Structures are given as structure tokens and as C-alpha cells.
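K.L.:
First the structure, which I've put down as C-alpha cells, then a few questions once you've had a look.
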Amino acid sequence: MGEQMFLFPDDAALLQTDADGVVRVARTRVTLDTVVGAFLEGATPETIADQYPSLTLAQVYMVIAYYLRHQGDVDTYLVSRRQKAAEVRQENEIRFDPTGVRSRLLARRGS
């Protein structure tokens, strides 16, 4: 009998980058940021899979394994995502002054 070969899916089948440059677990809306962030905060793969029903436990383990194999690249990507989010937040605050939003909303609610 010949030696049996095990084939593993390549990373391209696991993760996909959308039009906005956001890396997501393939065929889900769950971002790489979400899974890695939960893992780094101490969540177990089982907990992550429970929190995101669109992910299988196997996918969570594969994303974590991908992160561990490519930690430097993923960390760089995560830093750039945080910077972009901060820039967008800052632009929104300039365009839409948040001062007094709560009081305006409460005033509308009371009308």
C-alpha cells in the first residue's frame, strides 16, 4: 500500500480580501481582525465559534493557525486597520460634530 497524502486547503481558500481591503474568513462576514482579536484577548476557539455561528470550529482553528504562521504580517495588517479606523472616525467627527448629540436625541425622543 502506498503512503497516504493529506491535503490541506491553501490560505486563499480560508481568507478573502473584499473590495475595501478587509480580510474576511471565506464565505462569511467575519473579519480576520475579529477572530485574531478574540484569540489575543484569551477566547478559546470554541468560544469564538460559539460567538460567530457562521464560522465552523475548524475555520476558527485554521485562522488561528494562519495567524501564528504569519504573525508579523497579520500584526502589520491589524495596525493599519486600526489606523484607518481612527482616520475614518476623525473624518466623521469633523463632518458631523458629535457635541450635543445625546441631548438632541433625547430632546427628539421627548417630543
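Following the order of the C-alpha cells, first chain is A, next is B, and so on, with residues numbered from 1 inside each chain and ligands from 1 in the order they appear.
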Using only C-alpha atoms, find each residue in region 25-49 of chain A having at least one atom no more than 10 Å away from region 57-69 of chain A; report its shortest atom-to-atom pair and that distance in Å (one decimal), rows by chain then rising number, as a tab-separated table.

P.N.:
residue	atom	partner	partner_atom	distance
A:Val25	CA	A:Val63	CA	7.8
A:Ala26	CA	A:Gln59	CA	9.1
A:Leu32	CA	A:Val63	CA	7.5
A:Val35	CA	A:Val60	CA	7.2
A:Val36	CA	A:Ile64	CA	6.7
A:Phe39	CA	A:Ile64	CA	7.5
A:Leu40	CA	A:Ile64	CA	9.7
A:Thr44	CA	A:Val60	CA	9.5
A:Pro45	CA	A:Val60	CA	5.9
A:Glu46	CA	A:Leu57	CA	6.4
A:Thr47	CA	A:Leu57	CA	9.2
A:Ile48	CA	A:Val60	CA	7.2
A:Ala49	CA	A:Leu57	CA	5.4

K.L.:
May I have all residues of chain A that DSSP, computed from the backbone, assigns to strand (DSSP E or B), given as a PyMOL selection string?

P.N.:
chain A and resi 15-17+23-25+31

K.L.:
Taking the backbone alone, and naming residues the way the document does, which bits of chain A are alpha helix (DSSP H) by DSSP, as a PyMOL selection string?

P.N.:
chain A and resi 11-14+32-40+45-51+57-69+71-95+101-110

K.L.:
Can you pull out every residue within 10 Å of Asp33 (chain A), counting only C-alpha atoms, but drop anything in the same chain fewer than 5 positions away, and send it as a ChimeraX atom specification?

P.N.:
/A:22-25,38-39,74-75,77-79,81-82

K.L.:
Output C-alpha atoms of each residue in that selection to a file, as a PDB file, in the first residue's frame.

P.N.:
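Result written to again_31.pdb:
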ATOM      1  CA  VAL A  22     -10.814  43.964   4.564  1.00  0.00           C
ATOM      2  CA  VAL A  23      -9.714  40.364   5.117  1.00  0.00           C
ATOM      3  CA  ARG A  24     -12.624  38.063   5.988  1.00  0.00           C
ATOM      4  CA  VAL A  25     -12.996  34.369   6.644  1.00  0.00           C
ATOM      5  CA  ALA A  38     -10.792  37.447  20.302  1.00  0.00           C
ATOM      6  CA  PHE A  39      -7.931  34.935  20.342  1.00  0.00           C
ATOM      7  CA  VAL A  74      -1.096  39.911  10.300  1.00  0.00           C
ATOM      8  CA  ASP A  75       0.017  42.263  13.088  1.00  0.00           C
ATOM      9  CA  TYR A  77      -2.313  44.448   8.747  1.00  0.00           C
ATOM     10  CA  LEU A  78      -4.159  44.864  12.082  1.00  0.00           C
ATOM     11  CA  VAL A  79      -2.205  48.035  12.917  1.00  0.00           C
ATOM     12  CA  ARG A  81      -6.737  48.626  10.023  1.00  0.00           C
ATOM     13  CA  ARG A  82      -6.743  50.389  13.412  1.00  0.00           C
TER      14      ARG A  82
END
